[in-house]
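Written out below as structure tokens is the structure these notes cover.
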Amino acid sequence: MQYDKDLLKALVREHALQFGQFTLASGKQASFYLDCRKITLHPQGSNLIAAGMLDGITGNRFPSIPDAVGGLAIGADPITASIVVLAGQRGLSLRGFMVRKEAKTHGTGKLVEGPVTPGMKCVIVEDVITSGGSALRAVESAKDFGMEVLGIYGVIDRLEGGREAIEQAGLPLTTLLTINDFR
């Protein structure tokens, strides 16, 4: 499947965009909610997101092509998996990883899980960018693990300060869509 922005917008409108009163992960109140899991776990949606992000990741959106993609569990997990599967189908060796919200108290106790090693370059993936907090938390965990973070790639930017926070942290943010695509 090739990336089709109009089809992704239609899927978001049909399945993920809700209106009402909501409290966001950032604590902010909002009159709309984007439940991107309904798209990232949808057969067409996951393929469209993977195609769009993989095209950007292997294109010129970041300073170099990363070795891995990943993000904060659980929102980034289906995005990561879809990108890795598509990369494999295209013969690319892009790996995936997950960032736990807190370290396990058993086993290795790692925050970063997956076939990645320190020194690898990565892009953090995220479903919805609001304040940028979740993505930046994943960035810090990846850096603490020893990876070089090239930037952040999101599905939708709510245009509520996340871009500014991410850029202030010295990283580029790329998204497939913004909330303006639905106005």
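Chain lettering (A, B, ...) mirrors the order of the structure tokens, residue numbering begins at 1 for each chain separately, and ligand numbering begins at 1 in order of display.
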>> Need the shell around Met53 in chain A: protein/DNA/RNA residues with any atom at most 12 Å away, counting only C-alpha atoms. Skip same-chain ones fewer than 3 positions apart. Format as a count of residues only?
In response: 39
>> Need the shell around Glu113 in chain A: protein/DNA/RNA residues with any atom at most 9 Å away, counting only C-alpha atoms. Skip same-chain ones fewer than 5 positions apart. Format as a PyMOL selection string?
In response: chain A and resi 96-100
> Between A:Gly45, A:Phe22, A:Leu17, A:Lys28, which has the minimum distance to Met1 in chain A (counting only C-alpha atoms)?
Replying inline: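 Answer, going by the shortest atom-to-atom distance: A:Gly45.
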> If we count only C-alpha atoms, what is near Thr178 in chain A at a cut-off of 10 Å, once residues fewer than 4 positions away on the same chain are taken out, given as a ChimeraX atom specification?
Replying inline: /A:9,128-129,154-159,182-183
> What's the 7 Å shell around Ser131 in chain A, counting only C-alpha atoms, without same-chain residues fewer than 6 positions away, as a ChimeraX atom specification?
Replying inline: /A:26,160-162
> Which residues, written as a PyMOL selection string, have at least one atom at most 9 Å from Ala165 in chain A, with only C-alpha atoms counted and residues fewer than 2 positions away on the same chain left out?
Replying inline: chain A and resi 131-133+136+161-163+167-170
> Could you pull out all residues of range 85-179 of chain A with a DSSP call of alpha helix (DSSP H) and give them as a PyMOL selection string?
Replying inline: chain A and resi 85-89+133-145+162-168
Generate the output file for the selected residues, N, CA and C atoms, as a short mmCIF file (atom, residue, chain, number, x, y, z; two decimals), in the first residue's frame.
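Writing done, so here's again-v9.cif:
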data_model
loop_
_atom_site.label_atom_id
_atom_site.label_comp_id
_atom_site.auth_asym_id
_atom_site.auth_seq_id
_atom_site.Cartn_x
_atom_site.Cartn_y
_atom_site.Cartn_z
N VAL A 85 7.37 -4.04 9.92
CA VAL A 85 6.89 -5.05 8.98
C VAL A 85 7.04 -4.56 7.54
N LEU A 86 6.61 -3.32 7.28
CA LEU A 86 6.72 -2.78 5.93
C LEU A 86 8.19 -2.63 5.52
N ALA A 87 9.03 -2.20 6.44
CA ALA A 87 10.46 -2.09 6.14
C ALA A 87 11.02 -3.45 5.74
N GLY A 88 10.65 -4.49 6.46
CA GLY A 88 11.10 -5.84 6.13
C GLY A 88 10.63 -6.27 4.75
N GLN A 89 9.39 -5.93 4.42
CA GLN A 89 8.87 -6.27 3.09
C GLN A 89 9.62 -5.52 1.99
N GLY A 133 5.01 15.92 25.48
CA GLY A 133 5.56 15.28 26.67
C GLY A 133 5.85 13.80 26.52
N SER A 134 4.94 13.04 25.95
CA SER A 134 5.15 11.59 25.79
C SER A 134 6.31 11.30 24.86
N ALA A 135 6.36 12.03 23.76
CA ALA A 135 7.44 11.82 22.80
C ALA A 135 8.78 12.19 23.41
N LEU A 136 8.83 13.29 24.15
CA LEU A 136 10.08 13.71 24.77
C LEU A 136 10.51 12.76 25.88
N ARG A 137 9.55 12.15 26.54
CA ARG A 137 9.88 11.12 27.54
C ARG A 137 10.54 9.93 26.86
N ALA A 138 10.02 9.52 25.71
CA ALA A 138 10.62 8.42 24.94
C ALA A 138 12.02 8.82 24.45
N VAL A 139 12.18 10.07 24.05
CA VAL A 139 13.49 10.57 23.61
C VAL A 139 14.51 10.40 24.73
N GLU A 140 14.15 10.83 25.92
CA GLU A 140 15.09 10.75 27.05
C GLU A 140 15.46 9.31 27.37
N SER A 141 14.48 8.41 27.33
CA SER A 141 14.77 7.00 27.59
C SER A 141 15.68 6.41 26.52
N ALA A 142 15.43 6.75 25.27
CA ALA A 142 16.28 6.26 24.18
C ALA A 142 17.70 6.80 24.32
N LYS A 143 17.83 8.07 24.65
CA LYS A 143 19.16 8.66 24.85
C LYS A 143 19.86 8.02 26.04
N ASP A 144 19.13 7.83 27.14
CA ASP A 144 19.72 7.19 28.32
C ASP A 144 20.21 5.79 28.00
N PHE A 145 19.51 5.11 27.11
CA PHE A 145 19.90 3.77 26.66
C PHE A 145 21.18 3.82 25.83
N GLY A 162 3.12 21.21 21.18
CA GLY A 162 4.05 20.08 21.12
C GLY A 162 5.22 20.33 20.19
N ARG A 163 4.93 20.88 19.03
CA ARG A 163 6.00 21.16 18.06
C ARG A 163 7.05 22.08 18.67
N GLU A 164 6.58 23.13 19.33
CA GLU A 164 7.50 24.09 19.93
C GLU A 164 8.35 23.43 21.02
N ALA A 165 7.73 22.60 21.85
CA ALA A 165 8.48 21.92 22.92
C ALA A 165 9.53 20.98 22.34
N ILE A 166 9.16 20.27 21.30
CA ILE A 166 10.08 19.32 20.66
C ILE A 166 11.23 20.06 19.99
N GLU A 167 10.90 21.13 19.27
CA GLU A 167 11.95 21.91 18.61
C GLU A 167 12.84 22.61 19.62
N GLN A 168 12.26 23.03 20.75
CA GLN A 168 13.06 23.64 21.81
C GLN A 168 14.05 22.62 22.40
#
>> as a ChimeraX atom specification, please: every residue in range 43-84 of chain A that a backbone DSSP assignment puts in strand (DSSP E or B).
In response: /A:68-72
> What is the CA of Asn180 in chain A to CA of Ala73 in chain A distance in Å?
Replying inline: 26.5 Å
> Using only C-alpha atoms, which of the listed residues (A:Gly20, A:Gly75, A:Pro63, A:Gly70) sits closest to Leu41 in chain A?
Replying inline: A:Gly75
> So what do you get for CA of Ala68 in chain A versus CA of Val149 in chain A, distance-wise?
Replying inline: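 Computing it gives 9.6 Å between the two atoms.
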> Neighbours of His15 in chain A within 8 Å (only C-alpha atoms; same-chain residues fewer than 2 positions away dropped), as number ranges by chain?
Replying inline: A: 11-13, 17, 38-39
Could the residues in this selection be written to a file with N, CA and C atoms, as a compact mmCIF listing (two decimals), in the first residue's frame?
# COMPACT_ATOMS: atom_id res chain seq x y z
N LEU A 11 -10.22 8.04 7.11
CA LEU A 11 -10.25 7.02 8.17
C LEU A 11 -10.25 7.67 9.55
N VAL A 12 -9.45 8.71 9.73
CA VAL A 12 -9.41 9.42 11.01
C VAL A 12 -10.78 10.04 11.29
N ARG A 13 -11.36 10.70 10.30
CA ARG A 13 -12.69 11.29 10.47
C ARG A 13 -13.73 10.24 10.87
N LEU A 17 -11.84 10.56 15.28
CA LEU A 17 -12.12 11.92 15.72
C LEU A 17 -13.49 11.97 16.41
N LYS A 38 -7.61 3.63 17.13
CA LYS A 38 -8.62 3.13 16.19
C LYS A 38 -8.12 3.19 14.75
N ILE A 39 -7.04 3.91 14.52
CA ILE A 39 -6.42 3.99 13.19
C ILE A 39 -5.15 3.15 13.15
>> To one decimal place in Å, what is the distance between CA of Val112 in chain A and CA of Gly146 in chain A?
In response: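 Atom-to-atom, CA of Val112 in chain A to CA of Gly146 in chain A, that is 10.2 Å.
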